[in-house]
>>> print(open('input14.cif').read())   # mmCIF, C-alpha atoms
data_work
loop_
_atom_site.label_atom_id
_atom_site.label_comp_id
_atom_site.auth_asym_id
_atom_site.auth_seq_id
_atom_site.Cartn_x
_atom_site.Cartn_y
_atom_site.Cartn_z
CA MET J 2 11.12 30.30 -23.41
CA THR J 3 10.03 33.35 -25.41
CA ILE J 4 12.32 34.40 -28.27
CA PRO J 5 12.45 38.18 -28.63
CA PRO J 6 11.59 39.55 -32.08
CA PRO J 7 14.51 40.72 -34.23
CA LEU J 8 15.46 44.37 -33.99
CA GLN J 9 13.99 46.65 -36.59
CA PRO J 10 16.47 48.79 -38.55
CA GLU J 11 15.66 51.88 -36.54
CA GLY J 12 16.00 50.00 -33.26
CA GLY J 13 19.32 48.46 -34.34
CA LEU J 14 20.74 51.86 -35.27
CA ASN J 15 19.59 53.34 -31.99
CA LEU J 16 21.26 50.50 -30.12
CA ALA J 17 24.54 51.10 -31.97
CA LEU J 18 24.35 54.81 -31.18
CA ALA J 19 23.71 54.06 -27.51
CA VAL J 20 26.72 51.73 -27.36
CA ILE J 21 28.98 54.36 -28.91
CA ALA J 22 27.68 57.13 -26.64
CA SER J 23 28.37 55.05 -23.50
CA SER J 24 31.74 53.65 -24.60
CA SER J 25 34.93 54.64 -22.82
CA ALA J 26 36.96 53.42 -25.82
CA PRO J 27 37.49 55.45 -29.01
CA LEU J 28 34.74 54.33 -31.43
CA LEU J 29 33.36 55.59 -34.73
CA LEU J 30 30.16 54.63 -36.55
CA LEU J 31 30.59 55.04 -40.31
CA ASP J 32 28.32 54.53 -43.28
CA GLY J 33 29.24 52.72 -46.49
CA ASP J 34 30.88 55.87 -47.89
CA LEU J 35 33.00 56.23 -44.74
CA MET J 36 30.94 59.19 -43.57
CA VAL J 37 30.95 59.68 -39.80
CA ILE J 38 27.54 59.03 -38.23
CA ALA J 39 28.59 59.10 -34.58
CA ALA J 40 31.69 59.03 -32.39
CA SER J 41 32.35 58.26 -28.76
CA ALA J 42 33.43 61.08 -26.47
CA SER J 43 36.73 59.29 -25.86
CA PHE J 44 37.52 59.39 -29.57
CA CYS J 45 37.08 63.17 -29.62
CA GLN J 46 39.17 63.63 -26.48
CA GLU J 47 41.92 61.23 -27.57
CA PHE J 48 42.41 62.79 -30.99
CA GLN J 49 41.46 66.39 -30.14
CA ILE J 50 38.48 66.69 -32.48
CA GLU J 51 35.47 68.84 -31.67
CA PRO J 52 32.29 66.70 -31.55
CA VAL J 53 30.38 69.26 -33.61
CA GLU J 54 32.83 68.74 -36.49
CA LEU J 55 32.18 64.99 -36.77
CA PRO J 56 28.66 64.36 -38.13
CA ASN J 57 28.35 64.06 -41.91
CA ARG J 58 32.08 64.39 -42.51
CA GLN J 59 34.28 61.88 -44.31
CA LEU J 60 36.76 59.98 -42.13
CA SER J 61 39.55 61.24 -44.37
CA ALA J 62 38.53 64.84 -43.63
CA LEU J 63 38.78 64.64 -39.86
CA GLY J 64 41.28 66.87 -38.11
CA LYS J 65 43.78 68.34 -40.55
CA GLY J 66 43.73 65.39 -42.90
CA GLU J 67 45.75 63.01 -40.72
CA TRP J 68 43.06 60.33 -41.14
CA ASP J 69 43.36 60.45 -44.92
CA VAL J 70 45.21 57.13 -45.22
CA ARG J 71 44.69 55.41 -48.53
CA GLN J 72 45.28 51.87 -47.29
CA LEU J 73 42.88 52.33 -44.37
CA SER J 74 40.18 53.71 -46.69
CA SER J 75 40.62 50.76 -49.05
CA LEU J 76 40.28 48.26 -46.22
CA LEU J 77 37.17 49.97 -44.86
CA HIS J 78 35.52 50.06 -48.29
CA ALA J 79 36.30 46.36 -48.70
CA THR J 80 34.79 45.68 -45.26
CA ALA J 81 31.66 47.60 -46.21
CA ALA J 82 31.37 45.43 -49.35
CA GLY J 83 31.79 42.27 -47.26
CA ALA J 84 35.06 41.38 -49.00
CA ALA J 85 37.49 41.91 -46.12
CA ASN J 86 37.87 42.75 -42.45
CA VAL J 87 39.98 45.31 -40.67
CA ASP J 88 41.57 43.18 -37.98
CA ALA J 89 44.37 44.72 -35.86
CA TYR J 90 45.45 47.07 -38.64
CA GLU J 91 48.35 49.25 -37.45
CA MET J 92 49.10 52.74 -38.66
CA ASP J 93 50.97 55.85 -37.56
CA LEU J 94 48.87 58.94 -36.94
CA ASP J 95 50.98 62.00 -37.76
CA ARG J 96 49.65 65.37 -36.61
CA GLU J 97 51.33 68.70 -37.09
CA GLY J 98 53.24 69.85 -34.03
CA GLN J 99 52.68 66.56 -32.16
CA ALA J 100 54.53 63.31 -31.74
CA SER J 101 53.49 60.45 -33.98
CA ARG J 102 51.11 57.94 -32.41
CA ARG J 103 50.89 54.23 -33.17
CA LEU J 104 47.30 53.05 -33.56
CA VAL J 105 45.66 49.65 -33.85
CA LEU J 106 42.28 49.67 -35.66
CA ASN J 107 39.53 47.08 -35.92
CA ALA J 108 36.38 47.43 -38.01
CA GLN J 109 33.35 45.26 -38.64
CA LYS J 110 30.20 45.58 -40.69
CA LEU J 111 27.05 45.73 -38.55
CA ASP J 112 24.08 43.55 -39.45
CA TYR J 113 20.94 45.12 -38.04
CA GLY J 114 18.32 44.29 -40.66
CA ASP J 115 18.79 47.19 -43.09
CA PRO J 116 20.86 46.04 -46.10
CA ASP J 117 20.30 49.34 -47.88
CA HIS J 118 22.14 51.31 -45.22
CA ILE J 119 25.62 49.96 -44.45
CA ARG J 120 27.11 50.71 -41.07
CA LEU J 121 30.70 50.10 -39.95
CA LEU J 122 31.90 50.10 -36.35
CA LEU J 123 35.53 51.25 -36.12
CA SER J 124 37.48 50.94 -32.88
CA VAL J 125 40.81 52.66 -32.33
CA SER J 126 43.49 51.81 -29.74
CA ASP J 127 46.57 53.93 -29.08
CA VAL J 128 49.47 51.52 -28.45
CA THR J 129 52.28 54.05 -28.67
CA ASP J 130 53.33 53.76 -25.03
CA ALA J 131 53.10 49.96 -25.13
CA ARG J 132 55.30 49.82 -28.24
CA LEU J 133 57.84 52.17 -26.64
CA ALA J 134 57.90 50.00 -23.52
CA GLU J 135 58.45 46.88 -25.64
CA LYS J 136 61.28 48.59 -27.54
CA LEU J 137 62.89 49.75 -24.30
CA LYS J 138 62.65 46.23 -22.91
CA ASP J 139 64.21 44.76 -26.07
CA ASP J 140 66.99 47.36 -26.00
CA LEU J 141 67.72 46.61 -22.36
CA LEU J 142 67.81 42.87 -23.03
CA ARG J 143 70.22 43.37 -25.93
CA GLU J 144 72.40 45.64 -23.79
CA LYS J 145 72.35 43.09 -20.98
CA ALA J 146 73.37 40.32 -23.37
CA VAL J 147 76.32 42.39 -24.68
CA LEU J 148 77.44 43.29 -21.16
CA LEU J 149 77.12 39.68 -20.01
CA GLN J 150 79.19 38.51 -22.95
CA GLU J 151 81.87 41.08 -22.11
CA VAL J 152 81.88 40.06 -18.44
CA GLN J 153 82.16 36.38 -19.37
CA HIS J 154 85.07 37.18 -21.68
CA ARG J 155 86.87 39.14 -18.96
CA VAL J 156 86.22 36.44 -16.35
CA ALA J 157 87.60 33.75 -18.67
CA ASN J 158 90.76 35.79 -19.31
CA SER J 159 91.20 36.53 -15.60
CA LEU J 160 90.89 32.87 -14.64
CA GLN J 161 93.48 31.89 -17.24
CA ILE J 162 95.88 34.53 -15.93
CA ILE J 163 95.39 33.40 -12.31
CA ALA J 164 95.92 29.76 -13.27
CA SER J 165 99.10 30.64 -15.15
CA ILE J 166 100.48 32.62 -12.18
CA LEU J 167 99.73 29.76 -9.79
CA MET J 168 101.49 27.23 -12.04
CA GLN J 169 104.54 29.48 -12.44
CA SER J 170 104.70 29.95 -8.67
CA ALA J 171 104.44 26.19 -8.12
CA ARG J 172 107.49 25.64 -10.33
CA LYS J 173 109.58 28.19 -8.42
CA VAL J 174 108.88 27.31 -4.77
CA GLN J 175 111.17 24.94 -2.87
CA SER J 176 108.65 23.70 -0.31
CA GLU J 177 106.84 20.55 -1.42
CA GLU J 178 103.89 21.39 0.82
CA THR J 179 103.55 24.86 -0.72
CA ARG J 180 103.87 23.37 -4.21
CA THR J 181 101.06 20.94 -3.41
CA HIS J 182 98.79 23.75 -2.23
CA LEU J 183 99.54 25.80 -5.35
CA HIS J 184 98.79 22.83 -7.60
CA SER J 185 95.52 22.33 -5.71
CA ALA J 186 94.61 26.01 -6.13
CA HIS J 187 95.48 25.79 -9.84
CA SER J 188 93.19 22.79 -10.27
CA ARG J 189 90.32 24.60 -8.59
CA VAL J 190 90.78 27.68 -10.76
CA MET J 191 90.87 25.53 -13.92
CA SER J 192 87.73 23.70 -12.88
CA ILE J 193 85.94 26.99 -12.26
CA ALA J 194 87.11 28.14 -15.70
CA ALA J 195 85.55 25.00 -17.17
CA VAL J 196 82.30 25.75 -15.30
CA GLN J 197 82.30 29.32 -16.60
CA GLN J 198 82.97 28.19 -20.15
CA GLN J 199 80.12 25.68 -20.11
CA LEU J 200 77.61 28.09 -18.61
CA ALA J 201 78.60 30.86 -21.04
CA ALA J 202 77.99 28.46 -23.93
CA SER J 203 74.48 27.69 -22.68
CA ARG J 204 72.03 30.02 -24.47
CA LEU J 205 69.01 28.70 -22.58
CA GLY J 206 68.05 28.65 -18.93
CA ASP J 207 68.85 24.94 -18.63
CA VAL J 208 72.28 23.31 -18.76
CA GLN J 209 72.93 19.89 -20.28
CA LEU J 210 74.79 18.04 -17.52
CA ARG J 211 76.64 15.35 -19.49
CA PRO J 212 78.87 17.68 -21.60
CA TYR J 213 79.16 19.98 -18.59
CA PHE J 214 80.58 17.24 -16.33
CA GLU J 215 82.70 15.81 -19.16
CA GLN J 216 84.38 19.18 -19.75
CA LEU J 217 84.82 19.71 -16.03
CA CYS J 218 86.45 16.32 -15.46
CA LYS J 219 88.60 16.69 -18.56
CA SER J 220 89.94 19.96 -17.18
CA LEU J 221 90.60 18.45 -13.75
CA GLY J 222 92.35 15.45 -15.26
CA ALA J 223 94.55 17.60 -17.48
CA SER J 224 95.71 19.71 -14.55
CA MET J 225 96.13 16.98 -11.89
CA ILE J 226 96.78 13.61 -13.55
CA GLN J 227 100.41 13.25 -14.61
CA ASP J 228 100.01 9.84 -16.27
CA PRO J 229 96.57 9.07 -17.79
CA LYS J 230 97.60 5.40 -17.97
CA GLU J 231 97.64 5.28 -14.18
CA LEU J 232 94.52 7.31 -13.35
CA SER J 233 91.36 8.05 -15.31
CA ILE J 234 88.06 9.85 -14.74
CA GLU J 235 84.89 8.35 -16.19
CA VAL J 236 81.63 10.30 -16.55
CA ASN J 237 78.38 8.34 -16.42
CA VAL J 238 75.57 10.89 -16.78
CA ASP J 239 72.12 10.60 -18.39
CA ASP J 240 70.44 13.25 -20.58
CA SER J 241 69.43 15.37 -17.60
CA LYS J 242 69.18 19.14 -17.76
CA THR J 243 68.99 21.53 -14.84
CA LYS J 244 68.83 25.23 -14.09
CA ALA J 245 72.06 27.19 -14.45
CA ASN J 246 72.26 28.12 -10.76
CA ILE J 247 71.82 24.46 -9.72
CA SER J 248 74.44 23.33 -12.24
CA VAL J 249 76.95 25.68 -10.61
CA SER J 250 76.48 23.97 -7.23
CA LEU J 251 76.68 20.52 -8.85
CA GLY J 252 79.86 21.55 -10.65
CA LEU J 253 81.47 22.75 -7.43
CA ILE J 254 80.56 19.47 -5.72
CA VAL J 255 82.05 17.39 -8.53
CA THR J 256 85.18 19.56 -8.52
CA GLU J 257 85.81 19.13 -4.81
CA LEU J 258 85.08 15.39 -4.75
CA VAL J 259 87.25 14.62 -7.78
CA ILE J 260 90.13 16.76 -6.44
CA ASN J 261 89.82 15.03 -3.08
CA ALA J 262 89.96 11.58 -4.71
CA LEU J 263 92.94 12.51 -6.89
CA LYS J 264 94.85 13.88 -3.89
CA HIS J 265 94.16 11.14 -1.34
CA ALA J 266 92.82 7.93 -2.91
CA PHE J 267 95.85 6.94 -5.01
CA PRO J 268 99.13 7.50 -3.12
CA GLY J 269 102.44 6.32 -4.53
CA HIS J 270 101.37 6.41 -8.19
CA ARG J 271 98.70 3.81 -7.54
CA ASN J 272 96.55 2.91 -10.56
CA GLY J 273 92.83 3.56 -10.38
CA LYS J 274 89.66 5.13 -11.69
CA ILE J 275 87.22 7.79 -10.57
CA ILE J 276 83.60 7.56 -11.74
CA VAL J 277 81.24 10.54 -11.74
CA ASP J 278 77.61 9.44 -11.92
CA TYR J 279 74.38 11.45 -12.23
CA HIS J 280 70.83 10.26 -12.94
CA SER J 281 67.45 11.90 -12.44
CA ASN J 282 63.76 11.05 -12.52
CA ASP J 283 61.41 14.05 -12.53
CA THR J 284 62.38 16.11 -9.45
CA GLN J 285 64.43 13.30 -7.91
CA TRP J 286 68.13 12.99 -8.71
CA SER J 287 71.26 11.34 -7.40
CA MET J 288 74.91 12.14 -7.99
CA SER J 289 77.96 10.24 -6.81
CA VAL J 290 81.72 10.29 -7.14
CA ARG J 291 83.38 6.97 -6.37
CA ASP J 292 86.93 5.68 -6.65
CA ASP J 293 88.72 2.35 -6.30
CA GLY J 294 91.53 3.78 -4.22
CA ILE J 295 92.74 3.07 -0.69
CA GLY J 296 89.45 4.01 0.93
CA VAL J 297 88.55 6.15 3.94
CA SER J 298 91.21 6.30 6.62
CA ALA J 299 90.47 4.34 9.78
CA ASP J 300 92.50 6.86 11.78
CA PRO J 301 90.13 9.48 13.23
CA ALA J 302 92.78 12.16 12.69
CA GLY J 303 93.20 11.15 9.05
CA ALA J 304 89.45 11.08 8.51
CA LYS J 305 88.96 14.63 9.79
CA PRO J 306 86.86 16.60 7.26
CA GLY J 307 88.78 19.19 5.27
CA LEU J 308 87.88 22.30 3.34
CA GLY J 309 86.65 20.29 0.34
CA THR J 310 84.27 18.25 2.49
CA GLY J 311 82.92 21.42 4.06
CA ILE J 312 82.25 22.89 0.62
CA VAL J 313 80.43 19.74 -0.50
CA GLU J 314 78.29 19.63 2.63
CA ALA J 315 77.36 23.30 2.23
CA MET J 316 76.45 22.83 -1.45
CA ALA J 317 74.39 19.70 -0.68
CA LYS J 318 72.50 21.58 2.03
CA GLN J 319 71.84 24.42 -0.41
CA LEU J 320 70.35 21.89 -2.85
CA ASN J 321 68.21 20.26 -0.11
CA ALA J 322 70.07 17.01 -0.77
CA GLU J 323 71.49 14.31 1.52
CA PHE J 324 75.27 13.89 1.65
CA THR J 325 76.74 10.48 2.54
CA THR J 326 80.17 8.82 2.39
CA ILE J 327 80.57 5.03 2.39
CA ALA J 328 83.46 2.59 2.00
CA THR J 329 83.10 0.46 -1.13
CA GLU J 330 86.07 -1.94 -0.68
CA PRO J 331 88.04 -0.94 -2.58
CA GLY J 332 87.68 2.77 -2.48
CA THR J 333 85.11 5.31 -1.39
CA LYS J 334 81.76 6.49 -2.69
CA VAL J 335 80.34 9.91 -1.92
CA SER J 336 76.65 10.37 -2.77
CA ILE J 337 74.44 13.45 -3.02
CA VAL J 338 70.75 12.48 -3.23
CA HIS J 339 67.73 14.74 -3.70
CA MET J 340 64.35 13.05 -3.14
#
>>> encode(input="input14.cif", output="structure tokens")
Amino acid sequence: MTIPPPLQPEGGLNLALAVIASSSAPLLLLDGDLMVIAASASFCQEFQIEPVELPNRQLSALGKGEWDVRQLSSLLHATAAGAANVDAYEMDLDREGQASRRLVLNAQKLDYGDPDHIRLLLSVSDVTDARLAEKLKDDLLREKAVLLQEVQHRVANSLQIIASILMQSARKVQSEETRTHLHSAHSRVMSIAAVQQQLAASRLGDVQLRPYFEQLCKSLGASMIQDPKELSIEVNVDDSKTKANISVSLGLIVTELVINALKHAFPGHRNGKIIVDYHSNDTQWSMSVRDDGIGVSADPAGAKPGLGTGIVEAMAKQLNAEFTTIATEPGTKVSIVHM
């Protein structure tokens, strides 16, 4: 393998001039006194400088003095002396009658075998539009966050009002069947309020399931269990996290299954317990709600699926999970499994 001889000073300078002449990016070649030796055509076009005005002029004298920036000159002199580098230096270029432009500059000292003649290569990038786009994006995100917070606040207030109206109506009606339906509707509204509260408190894209289910079951118990000594709800959940949209479906499933157990598994003030369980391993997870109540009815008419069961089946299908119900003697266990 033949090693080419090092470039002579004249050859190195010619190479630098050729690079600048062919560059589509704004480039300047400066000497150690920051005198302009050459400039790319894109530099002249970008900053509206006539090419004939460039050679043998100080950088600070270009245009109408807009390049006369003391800090930039200090950095370039330090680079020429080998004491510093201009690396992503940002500055505003202010020109009379024109909007200010945000520039990013990089400079390096060229080593081409002529220590007596210092050469600096200065590149300039106009990032004004990019910075404006970033600011617009940040402003939109902040506005979205404020609007979302306002919506969440209004939703929470609306749910509380609806729950209060349902409870007042339940106290006034004479029909026991109507009262039962109103209590059931109140419980669902309160559970949705608990879901909304938990999701609003989550600042990240993932939701911690244990406190989420605990708050949900606490809300259901407070609205549907008259005597906590008779009935209780236990939450057995690991440290799993999941996406917010998935947690909504899981919350709706838990709500319907717990309400169903509270309504049907413990007639006549029967004592018992409901256990909500969730565990995951990578992408696999399983959730169940089981009770030690009277179990699934043997009567086909009594075992006919209701609205709650339909909701659970639809949510399980949406999650690509398998929905099963088994008798546990005593009680019933409903499982949702995603493999």
>>> closest_residue(input="input14.cif", among="J:Arg71, J:Gly269, J:Gly332, J:Ala322", to="J:Gly294", atoms="all atoms listed in the file")
J:Gly332
>>> residues_near_point(input="input14.cif", point="(42.4, 54.2, -45.3)", cutoff="12 Å", atoms="all atoms listed in the file", output="ChimeraX atom specification")
/J:34-35,59-62,66-80,87,90-94,106,108,123
>>> write_last_selection(input="input14.cif", atoms="C-alpha atoms", output="short mmCIF file (atom, residue, chain, number, x, y, z; two decimals), keeping the file's coordinate frame")
data_model
loop_
_atom_site.label_atom_id
_atom_site.label_comp_id
_atom_site.auth_asym_id
_atom_site.auth_seq_id
_atom_site.Cartn_x
_atom_site.Cartn_y
_atom_site.Cartn_z
CA ASP J 34 30.88 55.87 -47.89
CA LEU J 35 33.00 56.23 -44.74
CA GLN J 59 34.28 61.88 -44.31
CA LEU J 60 36.76 59.98 -42.13
CA SER J 61 39.55 61.24 -44.37
CA ALA J 62 38.53 64.84 -43.63
CA GLY J 66 43.73 65.39 -42.90
CA GLU J 67 45.75 63.01 -40.72
CA TRP J 68 43.06 60.33 -41.14
CA ASP J 69 43.36 60.45 -44.92
CA VAL J 70 45.21 57.13 -45.22
CA ARG J 71 44.69 55.41 -48.53
CA GLN J 72 45.28 51.87 -47.29
CA LEU J 73 42.88 52.33 -44.37
CA SER J 74 40.18 53.71 -46.69
CA SER J 75 40.62 50.76 -49.05
CA LEU J 76 40.28 48.26 -46.22
CA LEU J 77 37.17 49.97 -44.86
CA HIS J 78 35.52 50.06 -48.29
CA ALA J 79 36.30 46.36 -48.70
CA THR J 80 34.79 45.68 -45.26
CA VAL J 87 39.98 45.31 -40.67
CA TYR J 90 45.45 47.07 -38.64
CA GLU J 91 48.35 49.25 -37.45
CA MET J 92 49.10 52.74 -38.66
CA ASP J 93 50.97 55.85 -37.56
CA LEU J 94 48.87 58.94 -36.94
CA LEU J 106 42.28 49.67 -35.66
CA ALA J 108 36.38 47.43 -38.01
CA LEU J 123 35.53 51.25 -36.12
#
>>> atom_distance(input="input14.cif", atom1="atom CA of J:Arg271", atom2="atom CA of J:Glu215")
23.1 Å
>>> residues_around(input="input14.cif", residues="J:Gly222", least_positions_apart="2", cutoff="10 Å", atoms="all atoms listed in the file", output="PyMOL selection string")
chain J and resi 188+192+216-220+224-229+232-234+259-260+263
>>> write_last_selection(input="input14.cif", atoms="C-alpha atoms", output="compact mmCIF listing (two decimals), in the frame of the given file")
# COMPACT_ATOMS: atom_id res chain seq x y z
CA SER J 188 93.19 22.79 -10.27
CA SER J 192 87.73 23.70 -12.88
CA GLN J 216 84.38 19.18 -19.75
CA LEU J 217 84.82 19.71 -16.03
CA CYS J 218 86.45 16.32 -15.46
CA LYS J 219 88.60 16.69 -18.56
CA SER J 220 89.94 19.96 -17.18
CA SER J 224 95.71 19.71 -14.55
CA MET J 225 96.13 16.98 -11.89
CA ILE J 226 96.78 13.61 -13.55
CA GLN J 227 100.41 13.25 -14.61
CA ASP J 228 100.01 9.84 -16.27
CA PRO J 229 96.57 9.07 -17.79
CA LEU J 232 94.52 7.31 -13.35
CA SER J 233 91.36 8.05 -15.31
CA ILE J 234 88.06 9.85 -14.74
CA VAL J 259 87.25 14.62 -7.78
CA ILE J 260 90.13 16.76 -6.44
CA LEU J 263 92.94 12.51 -6.89
>>> atom_distance(input="input14.cif", atom1="atom CA of J:Arg96", atom2="atom CA of J:Leu63")
11.4 Å
>>> resolve_selection(input="input14.cif", expression="the PyMOL selection byres ((chain J and resi 289) around 7)", output="VMD selection string")
chain J and resid 277 to 279 287 to 288 290 to 291 334 to 337
>>> atom_distance(input="input14.cif", atom1="atom CA of J:Lys138", atom2="atom CA of J:Ser25")
29.0 Å
>>> build_atoms(input="input14.cif", residues="stretch 272-295 of chain J", atoms="N, CA and C atoms", output="PDB file, in the coordinates of the input")
ATOM      1  N   ASN J 272      97.488   2.879  -9.447  1.00  0.00           N
ATOM      2  CA  ASN J 272      96.550   2.910 -10.560  1.00  0.00           C
ATOM      3  C   ASN J 272      95.110   2.938 -10.035  1.00  0.00           C
ATOM      4  N   GLY J 273      94.208   3.550 -10.826  1.00  0.00           N
ATOM      5  CA  GLY J 273      92.830   3.560 -10.380  1.00  0.00           C
ATOM      6  C   GLY J 273      91.934   4.361 -11.303  1.00  0.00           C
ATOM      7  N   LYS J 274      90.665   4.446 -10.887  1.00  0.00           N
ATOM      8  CA  LYS J 274      89.660   5.130 -11.690  1.00  0.00           C
ATOM      9  C   LYS J 274      88.699   5.856 -10.762  1.00  0.00           C
ATOM     10  N   ILE J 275      88.253   7.011 -11.249  1.00  0.00           N
ATOM     11  CA  ILE J 275      87.220   7.790 -10.570  1.00  0.00           C
ATOM     12  C   ILE J 275      86.002   7.849 -11.494  1.00  0.00           C
ATOM     13  N   ILE J 276      84.829   7.567 -10.933  1.00  0.00           N
ATOM     14  CA  ILE J 276      83.600   7.560 -11.740  1.00  0.00           C
ATOM     15  C   ILE J 276      82.638   8.603 -11.201  1.00  0.00           C
ATOM     16  N   VAL J 277      82.237   9.522 -12.077  1.00  0.00           N
ATOM     17  CA  VAL J 277      81.240  10.540 -11.740  1.00  0.00           C
ATOM     18  C   VAL J 277      79.909  10.106 -12.341  1.00  0.00           C
ATOM     19  N   ASP J 278      78.896   9.985 -11.495  1.00  0.00           N
ATOM     20  CA  ASP J 278      77.610   9.440 -11.920  1.00  0.00           C
ATOM     21  C   ASP J 278      76.497  10.438 -11.567  1.00  0.00           C
ATOM     22  N   TYR J 279      75.556  10.602 -12.499  1.00  0.00           N
ATOM     23  CA  TYR J 279      74.380  11.450 -12.230  1.00  0.00           C
ATOM     24  C   TYR J 279      73.195  10.902 -13.004  1.00  0.00           C
ATOM     25  N   HIS J 280      72.067  10.690 -12.294  1.00  0.00           N
ATOM     26  CA  HIS J 280      70.830  10.260 -12.940  1.00  0.00           C
ATOM     27  C   HIS J 280      69.659  10.936 -12.235  1.00  0.00           C
ATOM     28  N   SER J 281      68.613  11.220 -13.002  1.00  0.00           N
ATOM     29  CA  SER J 281      67.450  11.900 -12.440  1.00  0.00           C
ATOM     30  C   SER J 281      66.163  11.270 -12.942  1.00  0.00           C
ATOM     31  N   ASN J 282      65.104  11.507 -12.160  1.00  0.00           N
ATOM     32  CA  ASN J 282      63.760  11.050 -12.520  1.00  0.00           C
ATOM     33  C   ASN J 282      62.788  12.099 -11.986  1.00  0.00           C
ATOM     34  N   ASP J 283      62.244  12.919 -12.920  1.00  0.00           N
ATOM     35  CA  ASP J 283      61.410  14.050 -12.530  1.00  0.00           C
ATOM     36  C   ASP J 283      62.193  14.976 -11.606  1.00  0.00           C
ATOM     37  N   THR J 284      61.688  15.206 -10.385  1.00  0.00           N
ATOM     38  CA  THR J 284      62.380  16.110  -9.450  1.00  0.00           C
ATOM     39  C   THR J 284      63.415  15.386  -8.596  1.00  0.00           C
ATOM     40  N   GLN J 285      63.462  14.061  -8.687  1.00  0.00           N
ATOM     41  CA  GLN J 285      64.430  13.300  -7.910  1.00  0.00           C
ATOM     42  C   GLN J 285      65.714  13.107  -8.711  1.00  0.00           C
ATOM     43  N   TRP J 286      66.852  13.230  -8.029  1.00  0.00           N
ATOM     44  CA  TRP J 286      68.130  12.990  -8.710  1.00  0.00           C
ATOM     45  C   TRP J 286      69.160  12.505  -7.707  1.00  0.00           C
ATOM     46  N   SER J 287      70.159  11.825  -8.236  1.00  0.00           N
ATOM     47  CA  SER J 287      71.260  11.340  -7.400  1.00  0.00           C
ATOM     48  C   SER J 287      72.567  11.530  -8.145  1.00  0.00           C
ATOM     49  N   MET J 288      73.572  11.954  -7.426  1.00  0.00           N
ATOM     50  CA  MET J 288      74.910  12.140  -7.990  1.00  0.00           C
ATOM     51  C   MET J 288      75.918  11.493  -7.058  1.00  0.00           C
ATOM     52  N   SER J 289      76.925  10.874  -7.630  1.00  0.00           N
ATOM     53  CA  SER J 289      77.960  10.240  -6.810  1.00  0.00           C
ATOM     54  C   SER J 289      79.309  10.366  -7.486  1.00  0.00           C
ATOM     55  N   VAL J 290      80.340  10.370  -6.667  1.00  0.00           N
ATOM     56  CA  VAL J 290      81.720  10.290  -7.140  1.00  0.00           C
ATOM     57  C   VAL J 290      82.377   9.165  -6.351  1.00  0.00           C
ATOM     58  N   ARG J 291      82.774   8.107  -7.058  1.00  0.00           N
ATOM     59  CA  ARG J 291      83.380   6.970  -6.370  1.00  0.00           C
ATOM     60  C   ARG J 291      84.737   6.636  -7.001  1.00  0.00           C
ATOM     61  N   ASP J 292      85.597   6.058  -6.180  1.00  0.00           N
ATOM     62  CA  ASP J 292      86.930   5.680  -6.650  1.00  0.00           C
ATOM     63  C   ASP J 292      87.248   4.277  -6.162  1.00  0.00           C
ATOM     64  N   ASP J 293      88.267   3.685  -6.747  1.00  0.00           N
ATOM     65  CA  ASP J 293      88.720   2.350  -6.300  1.00  0.00           C
ATOM     66  C   ASP J 293      90.079   2.456  -5.647  1.00  0.00           C
ATOM     67  N   GLY J 294      90.264   3.537  -4.884  1.00  0.00           N
ATOM     68  CA  GLY J 294      91.530   3.780  -4.220  1.00  0.00           C
ATOM     69  C   GLY J 294      91.648   3.082  -2.881  1.00  0.00           C
ATOM     70  N   ILE J 295      92.414   3.717  -1.962  1.00  0.00           N
ATOM     71  CA  ILE J 295      92.740   3.070  -0.690  1.00  0.00           C
ATOM     72  C   ILE J 295      91.602   3.161   0.325  1.00  0.00           C
TER      73      ILE J 295
END
